[in-house]
Structure formats: structure tokens, C-alpha cells
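J.: My structure is in coords21.pdb, and what it holds is PDB, C-alpha atoms and all ligand atoms:
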ATOM      1  CA  MET A   1     174.751 113.283  88.838  1.00  0.00           C
ATOM      2  CA  LEU A   2     177.921 111.241  89.366  1.00  0.00           C
ATOM      3  CA  THR A   3     177.702 107.565  88.384  1.00  0.00           C
ATOM      4  CA  ALA A   4     179.670 106.193  91.357  1.00  0.00           C
ATOM      5  CA  ILE A   5     181.869 107.164  94.297  1.00  0.00           C
ATOM      6  CA  LEU A   6     184.671 104.796  95.302  1.00  0.00           C
ATOM      7  CA  ILE A   7     185.715 104.495  98.936  1.00  0.00           C
ATOM      8  CA  GLY A   8     188.126 102.202 100.757  1.00  0.00           C
ATOM      9  CA  PHE A   9     191.492 101.984 102.447  1.00  0.00           C
ATOM     10  CA  MET A  10     194.738 103.275 100.912  1.00  0.00           C
ATOM     11  CA  GLY A  11     195.947 100.862  98.274  1.00  0.00           C
ATOM     12  CA  ALA A  12     192.524  99.272  97.646  1.00  0.00           C
ATOM     13  CA  GLY A  13     192.685 100.642  94.094  1.00  0.00           C
ATOM     14  CA  LYS A  14     190.200 103.542  94.188  1.00  0.00           C
ATOM     15  CA  THR A  15     192.313 105.717  91.893  1.00  0.00           C
ATOM     16  CA  THR A  16     193.279 102.890  89.506  1.00  0.00           C
ATOM     17  CA  VAL A  17     189.806 101.323  89.264  1.00  0.00           C
ATOM     18  CA  GLY A  18     188.045 104.702  89.218  1.00  0.00           C
ATOM     19  CA  GLN A  19     190.119 105.885  86.285  1.00  0.00           C
ATOM     20  CA  ALA A  20     189.549 102.635  84.367  1.00  0.00           C
ATOM     21  CA  LEU A  21     185.805 102.723  85.078  1.00  0.00           C
ATOM     22  CA  ALA A  22     185.522 106.346  83.910  1.00  0.00           C
ATOM     23  CA  GLU A  23     187.445 105.479  80.727  1.00  0.00           C
ATOM     24  CA  THR A  24     185.200 102.495  80.049  1.00  0.00           C
ATOM     25  CA  LEU A  25     182.066 104.589  80.543  1.00  0.00           C
ATOM     26  CA  ASP A  26     183.640 107.559  78.709  1.00  0.00           C
ATOM     27  CA  ILE A  27     182.797 110.003  81.487  1.00  0.00           C
ATOM     28  CA  PRO A  28     185.034 112.343  83.537  1.00  0.00           C
ATOM     29  CA  PHE A  29     187.185 110.996  86.367  1.00  0.00           C
ATOM     30  CA  TYR A  30     187.640 112.919  89.600  1.00  0.00           C
ATOM     31  CA  ASP A  31     189.919 112.050  92.507  1.00  0.00           C
ATOM     32  CA  THR A  32     189.748 114.064  95.735  1.00  0.00           C
ATOM     33  CA  ASP A  33     193.565 113.962  96.033  1.00  0.00           C
ATOM     34  CA  VAL A  34     193.993 115.337  92.505  1.00  0.00           C
ATOM     35  CA  LEU A  35     191.327 118.015  93.039  1.00  0.00           C
ATOM     36  CA  ILE A  36     193.102 119.117  96.232  1.00  0.00           C
ATOM     37  CA  GLN A  37     196.422 119.219  94.401  1.00  0.00           C
ATOM     38  CA  GLN A  38     194.951 121.246  91.532  1.00  0.00           C
ATOM     39  CA  GLN A  39     193.335 123.747  93.871  1.00  0.00           C
ATOM     40  CA  THR A  40     196.213 124.188  96.321  1.00  0.00           C
ATOM     41  CA  GLN A  41     199.152 123.558  93.966  1.00  0.00           C
ATOM     42  CA  GLN A  42     200.488 121.250  96.693  1.00  0.00           C
ATOM     43  CA  THR A  43     200.676 117.481  96.987  1.00  0.00           C
ATOM     44  CA  PRO A  44     198.816 115.784  99.868  1.00  0.00           C
ATOM     45  CA  GLY A  45     202.276 114.993 101.308  1.00  0.00           C
ATOM     46  CA  ALA A  46     203.295 118.652 101.292  1.00  0.00           C
ATOM     47  CA  ILE A  47     199.994 119.752 102.873  1.00  0.00           C
ATOM     48  CA  PHE A  48     200.341 117.148 105.650  1.00  0.00           C
ATOM     49  CA  ALA A  49     203.950 118.214 106.273  1.00  0.00           C
ATOM     50  CA  GLN A  50     203.446 121.978 106.158  1.00  0.00           C
ATOM     51  CA  ALA A  51     199.896 122.577 107.385  1.00  0.00           C
ATOM     52  CA  GLY A  52     198.997 119.303 109.108  1.00  0.00           C
ATOM     53  CA  GLU A  53     196.369 116.626 108.606  1.00  0.00           C
ATOM     54  CA  MET A  54     193.424 118.834 109.651  1.00  0.00           C
ATOM     55  CA  ALA A  55     194.237 121.363 106.914  1.00  0.00           C
ATOM     56  CA  PHE A  56     194.214 118.479 104.425  1.00  0.00           C
ATOM     57  CA  ARG A  57     190.892 117.172 105.800  1.00  0.00           C
ATOM     58  CA  LEU A  58     189.269 120.611 105.382  1.00  0.00           C
ATOM     59  CA  GLN A  59     190.406 120.723 101.746  1.00  0.00           C
ATOM     60  CA  GLU A  60     189.175 117.179 101.269  1.00  0.00           C
ATOM     61  CA  HIS A  61     185.723 118.069 102.599  1.00  0.00           C
ATOM     62  CA  ALA A  62     185.524 121.088 100.283  1.00  0.00           C
ATOM     63  CA  VAL A  63     186.445 119.095  97.156  1.00  0.00           C
ATOM     64  CA  LEU A  64     184.021 116.301  98.100  1.00  0.00           C
ATOM     65  CA  GLU A  65     181.190 118.850  98.151  1.00  0.00           C
ATOM     66  CA  GLN A  66     182.328 120.251  94.805  1.00  0.00           C
ATOM     67  CA  ALA A  67     182.626 116.834  93.193  1.00  0.00           C
ATOM     68  CA  LEU A  68     179.172 115.794  94.413  1.00  0.00           C
ATOM     69  CA  ALA A  69     177.772 118.723  92.431  1.00  0.00           C
ATOM     70  CA  GLU A  70     179.330 117.548  89.136  1.00  0.00           C
ATOM     71  CA  PRO A  71     176.786 116.584  86.472  1.00  0.00           C
ATOM     72  CA  GLN A  72     178.563 113.334  85.582  1.00  0.00           C
ATOM     73  CA  GLY A  73     181.664 111.260  86.321  1.00  0.00           C
ATOM     74  CA  ILE A  74     183.307 108.779  88.667  1.00  0.00           C
ATOM     75  CA  LEU A  75     184.770 110.014  91.940  1.00  0.00           C
ATOM     76  CA  ALA A  76     187.644 108.270  93.719  1.00  0.00           C
ATOM     77  CA  THR A  77     188.054 109.468  97.296  1.00  0.00           C
ATOM     78  CA  GLY A  78     191.094 109.327  99.580  1.00  0.00           C
ATOM     79  CA  GLY A  79     191.114 106.564 102.192  1.00  0.00           C
ATOM     80  CA  GLY A  80     190.636 109.115 104.965  1.00  0.00           C
ATOM     81  CA  ILE A  81     187.419 110.564 103.573  1.00  0.00           C
ATOM     82  CA  VAL A  82     185.527 108.756 106.352  1.00  0.00           C
ATOM     83  CA  GLU A  83     187.502 110.547 109.081  1.00  0.00           C
ATOM     84  CA  GLN A  84     185.261 113.636 108.972  1.00  0.00           C
ATOM     85  CA  PRO A  85     181.703 113.173 110.304  1.00  0.00           C
ATOM     86  CA  GLU A  86     180.490 115.797 107.780  1.00  0.00           C
ATOM     87  CA  ASN A  87     181.758 113.574 104.972  1.00  0.00           C
ATOM     88  CA  LEU A  88     179.934 110.552 106.405  1.00  0.00           C
ATOM     89  CA  LYS A  89     176.740 112.628 106.331  1.00  0.00           C
ATOM     90  CA  LEU A  90     177.314 113.634 102.700  1.00  0.00           C
ATOM     91  CA  LEU A  91     178.088 110.061 101.636  1.00  0.00           C
ATOM     92  CA  LYS A  92     175.018 108.707 103.409  1.00  0.00           C
ATOM     93  CA  ALA A  93     172.717 111.373 101.988  1.00  0.00           C
ATOM     94  CA  THR A  94     173.810 111.187  98.348  1.00  0.00           C
ATOM     95  CA  GLN A  95     171.806 109.279  95.762  1.00  0.00           C
ATOM     96  CA  VAL A  96     175.061 108.361  94.007  1.00  0.00           C
ATOM     97  CA  PRO A  97     176.070 104.716  94.620  1.00  0.00           C
ATOM     98  CA  VAL A  98     178.947 104.631  97.116  1.00  0.00           C
ATOM     99  CA  ILE A  99     181.094 101.590  96.327  1.00  0.00           C
ATOM    100  CA  TYR A 100     183.418 100.211  98.992  1.00  0.00           C
ATOM    101  CA  LEU A 101     186.473  98.578  97.419  1.00  0.00           C
ATOM    102  CA  ASP A 102     186.980  95.914 100.046  1.00  0.00           C
ATOM    103  CA  ALA A 103     190.593  94.741 100.318  1.00  0.00           C
ATOM    104  CA  HIS A 104     192.059  92.510 103.008  1.00  0.00           C
ATOM    105  CA  PHE A 105     194.760  94.172 105.055  1.00  0.00           C
ATOM    106  CA  GLY A 106     197.391  91.859 103.515  1.00  0.00           C
ATOM    107  CA  THR A 107     196.516  93.094 100.033  1.00  0.00           C
ATOM    108  CA  VAL A 108     196.917  96.772 100.832  1.00  0.00           C
ATOM    109  CA  ALA A 109     199.986  96.161 102.999  1.00  0.00           C
ATOM    110  CA  GLU A 110     201.709  94.434 100.091  1.00  0.00           C
ATOM    111  CA  ARG A 111     200.813  97.240  97.686  1.00  0.00           C
ATOM    112  CA  LEU A 112     201.806 100.040 100.027  1.00  0.00           C
ATOM    113  CA  MET A 113     205.113  98.621 101.184  1.00  0.00           C
ATOM    114  CA  GLY A 114     207.829 101.144 100.414  1.00  0.00           C
ATOM    115  CA  ASP A 115     205.321 103.777  99.273  1.00  0.00           C
ATOM    116  CA  VAL A 116     206.549 107.273 100.023  1.00  0.00           C
ATOM    117  CA  THR A 117     203.680 109.234  98.479  1.00  0.00           C
ATOM    118  CA  ARG A 118     201.134 108.605 101.228  1.00  0.00           C
ATOM    119  CA  PRO A 119     201.898 110.840 104.224  1.00  0.00           C
ATOM    120  CA  ILE A 120     199.695 108.812 106.596  1.00  0.00           C
ATOM    121  CA  LEU A 121     202.089 105.887 106.181  1.00  0.00           C
ATOM    122  CA  ALA A 122     205.194 107.970 106.793  1.00  0.00           C
ATOM    123  CA  GLU A 123     203.833 109.142 110.136  1.00  0.00           C
ATOM    124  CA  LYS A 124     202.663 105.785 111.448  1.00  0.00           C
ATOM    125  CA  SER A 125     204.100 102.487 112.618  1.00  0.00           C
ATOM    126  CA  PHE A 126     202.892  99.236 111.027  1.00  0.00           C
ATOM    127  CA  ARG A 127     200.809  98.576 114.139  1.00  0.00           C
ATOM    128  CA  ASP A 128     199.183 102.020 113.883  1.00  0.00           C
ATOM    129  CA  VAL A 129     198.272 101.344 110.234  1.00  0.00           C
ATOM    130  CA  VAL A 130     196.639  98.037 111.232  1.00  0.00           C
ATOM    131  CA  GLU A 131     194.618  99.892 113.873  1.00  0.00           C
ATOM    132  CA  LEU A 132     193.645 102.588 111.378  1.00  0.00           C
ATOM    133  CA  TYR A 133     192.494  99.913 108.911  1.00  0.00           C
ATOM    134  CA  GLN A 134     190.362  98.256 111.599  1.00  0.00           C
ATOM    135  CA  ALA A 135     188.884 101.543 112.804  1.00  0.00           C
ATOM    136  CA  ARG A 136     187.989 102.705 109.308  1.00  0.00           C
ATOM    137  CA  LEU A 137     186.469  99.421 108.181  1.00  0.00           C
ATOM    138  CA  ALA A 138     183.232 100.023 110.082  1.00  0.00           C
ATOM    139  CA  LYS A 139     182.968 103.515 108.640  1.00  0.00           C
ATOM    140  CA  TYR A 140     183.376 102.326 105.046  1.00  0.00           C
ATOM    141  CA  GLN A 141     180.685  99.707 105.676  1.00  0.00           C
ATOM    142  CA  GLU A 142     178.428 102.288 107.300  1.00  0.00           C
ATOM    143  CA  VAL A 143     178.334 104.587 104.265  1.00  0.00           C
ATOM    144  CA  ALA A 144     178.666 102.053 101.422  1.00  0.00           C
ATOM    145  CA  SER A 145     175.665 101.220  99.288  1.00  0.00           C
ATOM    146  CA  LEU A 146     177.618  98.519  97.419  1.00  0.00           C
ATOM    147  CA  VAL A 147     180.646  96.409  98.383  1.00  0.00           C
ATOM    148  CA  GLN A 148     183.134  95.159  95.830  1.00  0.00           C
ATOM    149  CA  PRO A 149     185.815  92.629  96.915  1.00  0.00           C
ATOM    150  CA  VAL A 150     189.112  93.465  95.209  1.00  0.00           C
ATOM    151  CA  ASP A 151     191.609  90.848  96.477  1.00  0.00           C
ATOM    152  CA  ASN A 152     193.282  88.824  93.719  1.00  0.00           C
ATOM    153  CA  ARG A 153     191.312  90.543  90.976  1.00  0.00           C
ATOM    154  CA  THR A 154     192.577  92.723  88.161  1.00  0.00           C
ATOM    155  CA  PRO A 155     191.367  96.322  87.824  1.00  0.00           C
ATOM    156  CA  LYS A 156     189.607  95.258  84.609  1.00  0.00           C
ATOM    157  CA  ALA A 157     187.697  92.467  86.376  1.00  0.00           C
ATOM    158  CA  ILE A 158     186.686  94.871  89.140  1.00  0.00           C
ATOM    159  CA  VAL A 159     185.477  97.427  86.573  1.00  0.00           C
ATOM    160  CA  THR A 160     183.329  94.754  84.904  1.00  0.00           C
ATOM    161  CA  ALA A 161     181.889  93.672  88.263  1.00  0.00           C
ATOM    162  CA  ILE A 162     181.070  97.280  89.193  1.00  0.00           C
ATOM    163  CA  GLN A 163     179.382  97.859  85.839  1.00  0.00           C
ATOM    164  CA  GLN A 164     177.222  94.800  86.472  1.00  0.00           C
ATOM    165  CA  GLU A 165     176.361  95.959  89.981  1.00  0.00           C
ATOM    166  CA  LEU A 166     175.444  99.419  88.737  1.00  0.00           C
ATOM    167  CA  THR A 167     172.944  98.042  86.266  1.00  0.00           C
ATOM    168  CA  HIS A 168     171.092  96.454  89.203  1.00  0.00           C
ATOM    169  CA  VAL A 169     170.939  99.617  91.327  1.00  0.00           C
TER     170      VAL A 169
HETATM  171  N1  LIG A 201     193.277  95.250  91.326  1.00  0.00           N
HETATM  172  C1  LIG A 201     194.568  95.528  91.443  1.00  0.00           C
HETATM  173  N2  LIG A 201     195.480  94.548  91.280  1.00  0.00           N
HETATM  174  C2  LIG A 201     196.804  94.800  91.413  1.00  0.00           C
HETATM  175  N3  LIG A 201     197.340  96.017  91.734  1.00  0.00           N
HETATM  176  C3  LIG A 201     196.468  97.019  91.925  1.00  0.00           C
HETATM  177  C4  LIG A 201     195.058  96.851  91.789  1.00  0.00           C
HETATM  178  N4  LIG A 201     194.448  98.030  92.044  1.00  0.00           N
HETATM  179  C5  LIG A 201     195.449  98.905  92.314  1.00  0.00           C
HETATM  180  N5  LIG A 201     196.659  98.316  92.255  1.00  0.00           N
HETATM  181  C6  LIG A 201     197.971  98.931  92.525  1.00  0.00           C
HETATM  182  O1  LIG A 201     197.992  99.245  93.922  1.00  0.00           O
HETATM  183  C7  LIG A 201     198.579 100.512  94.163  1.00  0.00           C
HETATM  184  C8  LIG A 201     197.564 101.415  94.838  1.00  0.00           C
HETATM  185  O2  LIG A 201     196.490 101.686  93.925  1.00  0.00           O
HETATM  186  P1  LIG A 201     195.674 103.044  93.972  1.00  0.00           P
HETATM  187  O3  LIG A 201     194.731 103.022  92.830  1.00  0.00           O
HETATM  188  O4  LIG A 201     196.583 104.223  94.099  1.00  0.00           O
HETATM  189  O5  LIG A 201     194.868 102.850  95.334  1.00  0.00           O
HETATM  190  P2  LIG A 201     194.085 103.910  96.239  1.00  0.00           P
HETATM  191  O6  LIG A 201     193.711 105.070  95.348  1.00  0.00           O
HETATM  192  O7  LIG A 201     192.900 103.158  96.742  1.00  0.00           O
HETATM  193  O8  LIG A 201     195.042 104.281  97.331  1.00  0.00           O
HETATM  194  C9  LIG A 201     199.031 101.024  92.782  1.00  0.00           C
HETATM  195  O9  LIG A 201     200.389 100.683  92.612  1.00  0.00           O
HETATM  196  C10 LIG A 201     198.152 100.265  91.803  1.00  0.00           C
HETATM  197  O10 LIG A 201     198.785 100.069  90.562  1.00  0.00           O
HETATM  198  O1  LIG A 202     194.013 107.235 104.084  1.00  0.00           O
HETATM  199  C1  LIG A 202     194.368 108.444 104.160  1.00  0.00           C
HETATM  200  O2  LIG A 202     194.243 109.101 105.221  1.00  0.00           O
HETATM  201  C2  LIG A 202     194.921 109.090 102.941  1.00  0.00           C
HETATM  202  C3  LIG A 202     194.789 108.450 101.744  1.00  0.00           C
HETATM  203  C4  LIG A 202     195.346 108.976 100.490  1.00  0.00           C
HETATM  204  O3  LIG A 202     194.541 108.584  99.368  1.00  0.00           O
HETATM  205  P1  LIG A 202     194.450 107.070  98.809  1.00  0.00           P
HETATM  206  O4  LIG A 202     193.480 106.320  99.682  1.00  0.00           O
HETATM  207  O5  LIG A 202     193.963 107.221  97.415  1.00  0.00           O
HETATM  208  O6  LIG A 202     195.816 106.488  98.905  1.00  0.00           O
HETATM  209  C5  LIG A 202     195.445 110.496 100.550  1.00  0.00           C
HETATM  210  O7  LIG A 202     194.175 111.085 100.539  1.00  0.00           O
HETATM  211  C6  LIG A 202     196.202 110.935 101.774  1.00  0.00           C
HETATM  212  O8  LIG A 202     197.523 110.485 101.648  1.00  0.00           O
HETATM  213  C7  LIG A 202     195.557 110.432 103.072  1.00  0.00           C
HETATM  214 MG    MG A 203     193.957 107.141  95.421  1.00  0.00          MG
END
Take the structure in the file and write it out as C-alpha cells.
Ligand SMILES: Nc1ncnc2c1ncn2[C@@H]1O[C@H](COP(=O)(O)OP(=O)(O)O)[C@@H](O)[C@H]1O
Ligand SMILES: O=C(O)C1=C[C@@H](OP(=O)(O)O)[C@@H](O)[C@H](O)C1
Ligand SMILES: [Mg+2]

T.:
Amino acid sequence: MLTAILIGFMGAGKTTVGQALAETLDIPFYDTDVLIQQQTQQTPGAIFAQAGEMAFRLQEHAVLEQALAEPQGILATGGGIVEQPENLKLLKATQVPVIYLDAHFGTVAERLMGDVTRPILAEKSFRDVVELYQARLAKYQEVASLVQPVDNRTPKAIVTAIQQELTHV
């Protein structure tokens, strides 16, 4: 079984913290975006541009199911994992701790400013991104079994806090 699944908005640090946590625990690291890229030979940006968001979401659902079947590891998801009701069902049903990396909007906005690798940002106005953040917040909270605040904390400090939380699960 996986040790933890990280969820949260773009820029919360799921990929960064997930990788560091997997290294610390010496177990495999999986990231839905990387799995999609490996299986399609296309970046998320290219899939969004050529086939559209729904094609990306279908791939994302498929790799989530695959990753949930892995015998061990840490899984970082994409921020939009909560967009598909089927994914919400999977995340609620799993015995794997689902950790919400909780970042204030200001934190992610600062980190994502000027980012060209996230297609969702390219398509949306600032106002739309604020609305998306607000709409997704409830969904992250709905499926999370643990919440980890990440504002003004280093990835290392967050990894340590998650390790402590996991020992109490
Ligand atoms: N705790 C942190 N403190 C400072 N910068 C961070 C932290 N976590 C992530 N970052 C930076 O924020 C950006 C987004 O991180 P990333 O791990 O890609 O987030 P996500 O996978 O949630 O979209 C990267 O440039 C990363 O280096
Ligand atoms: O929030 C989203 O809809 C997305 C988040 C991205 O992952 P990160 O949350 O790791 O940036 C990536 O899956 C894709 O660009 C779509
Ligand atoms: Mg990521």
C-alpha cells in the first residue's frame, strides 16, 4: 500500500514535498503528472492544448487508479485531481492517508506567477484562478484525512511534520 497521497492546489508543493518525503522514507515517488507524461509521451501542457482538458482528466483518472495499486510509495497528485467525481470516490475509499497541503492563495499566487508549465493558468484570468481555488478548497477538505499547513515553511519542515502525523494515524 502507498504511504501517503498528497493533494492541494497548484503550487502548494505536492511534487516538491512528495519527492522529499519519498527520499526521506526511501520509497518510490509517483506523481500523476509524470505518470501521464510517461504513458502518453506528452506534457500536460501539450495534452491540454491538443486534446483538451477532458482528455487530460481521463488520463489522470487512469493513472490515479494505477498508482493506488502500487505496493509502496508516495503519490503526488495534480491540483485538478478533485475535478472528477470518480477521483473523489477513490480518494475517500482508500485506506491510504490523503494529506491536503493547505496553502493560502497568496502563497500559491506568488509561486505560480510567471509559470508557463501549468496549462490551467495559461487559459485563465487571475480572477478565474481565485474562483478555482475557492471552488476546489471544499473538495480538498472533503477527501483529506490529514491537513498540513504549508505557508512560510520549508519543504524539509513539512516533510518532518508529515512524518510525525503519519506515526499517529
Ligand atoms: N515549502 C515551500 N517553500 C518554498 N517554495 C516551495 C515550497 N514548496 C514548493 N515550492 C516551490 O513552489 C513551486 C511549486 O511547487 P510544486 O512542488 O511544483 O507544487 P505542486 O506540485 O503542488 O504544483 C516550485 O517552484 C517549488 O520549488
Ligand atoms: O490544477 C490543475 O488543474 C492542474 C495542476 C497541475 O499539477 P500541479 O498541481 O502539480 O501543478 C497539472 O496536473 C495540470 O497542469 C492541471
Ligand atoms: Mg505537481

J.: Compile the contact shell of Val63 (chain A) as a list in words: residues with an atom at most 9 Å away, counting only C-alpha atoms, same-chain residues fewer than 5 positions apart removed.

T.: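 With the cut-off at 9 Å, the set is Thr32, Asp33, Leu35, Ile36, Gln39, Leu58 and Leu68 of chain A.
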
J.: Residues within 7 Å of ligand LIG 201 (chain A) should be enumerated using only C-alpha atoms and all ligand atoms and returned as a PDB file with C-alpha atoms, in the frame of the given file.

T.:
ATOM      1  CA  GLY A   8     188.126 102.202 100.757  1.00  0.00           C
ATOM      2  CA  PHE A   9     191.492 101.984 102.447  1.00  0.00           C
ATOM      3  CA  MET A  10     194.738 103.275 100.912  1.00  0.00           C
ATOM      4  CA  GLY A  11     195.947 100.862  98.274  1.00  0.00           C
ATOM      5  CA  ALA A  12     192.524  99.272  97.646  1.00  0.00           C
ATOM      6  CA  GLY A  13     192.685 100.642  94.094  1.00  0.00           C
ATOM      7  CA  LYS A  14     190.200 103.542  94.188  1.00  0.00           C
ATOM      8  CA  THR A  15     192.313 105.717  91.893  1.00  0.00           C
ATOM      9  CA  THR A  16     193.279 102.890  89.506  1.00  0.00           C
ATOM     10  CA  VAL A  17     189.806 101.323  89.264  1.00  0.00           C
ATOM     11  CA  GLY A  78     191.094 109.327  99.580  1.00  0.00           C
ATOM     12  CA  GLY A  79     191.114 106.564 102.192  1.00  0.00           C
ATOM     13  CA  ARG A 111     200.813  97.240  97.686  1.00  0.00           C
ATOM     14  CA  LEU A 112     201.806 100.040 100.027  1.00  0.00           C
ATOM     15  CA  VAL A 150     189.112  93.465  95.209  1.00  0.00           C
ATOM     16  CA  ASP A 151     191.609  90.848  96.477  1.00  0.00           C
ATOM     17  CA  ASN A 152     193.282  88.824  93.719  1.00  0.00           C
ATOM     18  CA  ARG A 153     191.312  90.543  90.976  1.00  0.00           C
ATOM     19  CA  THR A 154     192.577  92.723  88.161  1.00  0.00           C
ATOM     20  CA  PRO A 155     191.367  96.322  87.824  1.00  0.00           C
ATOM     21  CA  ILE A 158     186.686  94.871  89.140  1.00  0.00           C
TER      22      ILE A 158
END

J.: Could you check how far atom O8 of ligand LIG 202 (chain A) sits from CA of Glu70 (chain A), in Å to one decimal?

T.: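 Here the two named atoms are 23.2 Å from each other.
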
J.: Between A:Thr3, A:Thr117, A:Gln84, A:Gln50, which residue has the minimum interatomic distance to ligand LIG 202 (chain A), considering all atoms listed in the file?

T.: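 Closest candidate: A:Thr117.
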
J.: Box time for ligand LIG 202 (chain A): axis-aligned, enclosing all its listed atoms, 4 Å extra on each side; report centre and edge lengths in Å to one decimal, as lines of an AutoDock Vina configuration file.

T.:
center_x = 195.5
center_y = 108.7
center_z = 101.3
size_x = 12.0
size_y = 12.8
size_z = 15.8

J.: Using only C-alpha atoms, which of the listed residues (A:Val143, A:Glu123, A:Asp31, A:Glu131) sits closest to Glu53 (chain A)?

T.: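 Once distances to Glu53 (chain A) are computed over only C-alpha atoms, the minimum belongs to A:Glu123.
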
J.: Please output region 63-80 of chain A, rebuilt to include N, CA and C atoms, as a PDB file, keeping the file's coordinate frame.

T.:
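Saved the output as out34.pdb:
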ATOM      1  N   VAL A  63     186.466 119.677  98.511  1.00  0.00           N
ATOM      2  CA  VAL A  63     186.445 119.095  97.156  1.00  0.00           C
ATOM      3  C   VAL A  63     185.395 117.984  97.042  1.00  0.00           C
ATOM      4  N   LEU A  64     185.093 117.307  98.147  1.00  0.00           N
ATOM      5  CA  LEU A  64     184.021 116.301  98.100  1.00  0.00           C
ATOM      6  C   LEU A  64     182.695 116.993  97.768  1.00  0.00           C
ATOM      7  N   GLU A  65     182.433 118.112  98.433  1.00  0.00           N
ATOM      8  CA  GLU A  65     181.190 118.850  98.151  1.00  0.00           C
ATOM      9  C   GLU A  65     181.141 119.295  96.696  1.00  0.00           C
ATOM     10  N   GLN A  66     182.281 119.795  96.206  1.00  0.00           N
ATOM     11  CA  GLN A  66     182.328 120.251  94.805  1.00  0.00           C
ATOM     12  C   GLN A  66     182.072 119.087  93.850  1.00  0.00           C
ATOM     13  N   ALA A  67     182.745 117.980  94.104  1.00  0.00           N
ATOM     14  CA  ALA A  67     182.626 116.834  93.193  1.00  0.00           C
ATOM     15  C   ALA A  67     181.209 116.276  93.180  1.00  0.00           C
ATOM     16  N   LEU A  68     180.551 116.303  94.342  1.00  0.00           N
ATOM     17  CA  LEU A  68     179.172 115.794  94.413  1.00  0.00           C
ATOM     18  C   LEU A  68     178.219 116.625  93.557  1.00  0.00           C
ATOM     19  N   ALA A  69     178.622 117.841  93.245  1.00  0.00           N
ATOM     20  CA  ALA A  69     177.772 118.723  92.431  1.00  0.00           C
ATOM     21  C   ALA A  69     178.039 118.564  90.936  1.00  0.00           C
ATOM     22  N   GLU A  70     179.011 117.732  90.564  1.00  0.00           N
ATOM     23  CA  GLU A  70     179.330 117.548  89.136  1.00  0.00           C
ATOM     24  C   GLU A  70     178.175 116.820  88.429  1.00  0.00           C
ATOM     25  N   PRO A  71     177.907 117.201  87.186  1.00  0.00           N
ATOM     26  CA  PRO A  71     176.786 116.584  86.472  1.00  0.00           C
ATOM     27  C   PRO A  71     177.021 115.126  86.090  1.00  0.00           C
ATOM     28  N   GLN A  72     178.276 114.738  85.899  1.00  0.00           N
ATOM     29  CA  GLN A  72     178.563 113.334  85.582  1.00  0.00           C
ATOM     30  C   GLN A  72     180.006 112.996  85.956  1.00  0.00           C
ATOM     31  N   GLY A  73     180.291 111.690  86.053  1.00  0.00           N
ATOM     32  CA  GLY A  73     181.664 111.260  86.321  1.00  0.00           C
ATOM     33  C   GLY A  73     181.741 110.192  87.399  1.00  0.00           C
ATOM     34  N   ILE A  74     182.978 109.725  87.587  1.00  0.00           N
ATOM     35  CA  ILE A  74     183.307 108.779  88.667  1.00  0.00           C
ATOM     36  C   ILE A  74     184.194 109.534  89.641  1.00  0.00           C
ATOM     37  N   LEU A  75     183.944 109.354  90.931  1.00  0.00           N
ATOM     38  CA  LEU A  75     184.770 110.014  91.940  1.00  0.00           C
ATOM     39  C   LEU A  75     185.505 108.977  92.781  1.00  0.00           C
ATOM     40  N   ALA A  76     186.838 109.056  92.780  1.00  0.00           N
ATOM     41  CA  ALA A  76     187.644 108.270  93.719  1.00  0.00           C
ATOM     42  C   ALA A  76     187.964 109.181  94.898  1.00  0.00           C
ATOM     43  N   THR A  77     187.741 108.676  96.097  1.00  0.00           N
ATOM     44  CA  THR A  77     188.054 109.468  97.296  1.00  0.00           C
ATOM     45  C   THR A  77     189.405 109.027  97.853  1.00  0.00           C
ATOM     46  N   GLY A  78     189.918 109.757  98.833  1.00  0.00           N
ATOM     47  CA  GLY A  78     191.094 109.327  99.580  1.00  0.00           C
ATOM     48  C   GLY A  78     190.623 108.408 100.699  1.00  0.00           C
ATOM     49  N   GLY A  79     191.496 107.538 101.160  1.00  0.00           N
ATOM     50  CA  GLY A  79     191.114 106.564 102.192  1.00  0.00           C
ATOM     51  C   GLY A  79     190.607 107.191 103.484  1.00  0.00           C
ATOM     52  N   GLY A  80     191.015 108.450 103.722  1.00  0.00           N
ATOM     53  CA  GLY A  80     190.636 109.115 104.965  1.00  0.00           C
ATOM     54  C   GLY A  80     189.359 109.930 104.864  1.00  0.00           C
TER      55      GLY A  80
END
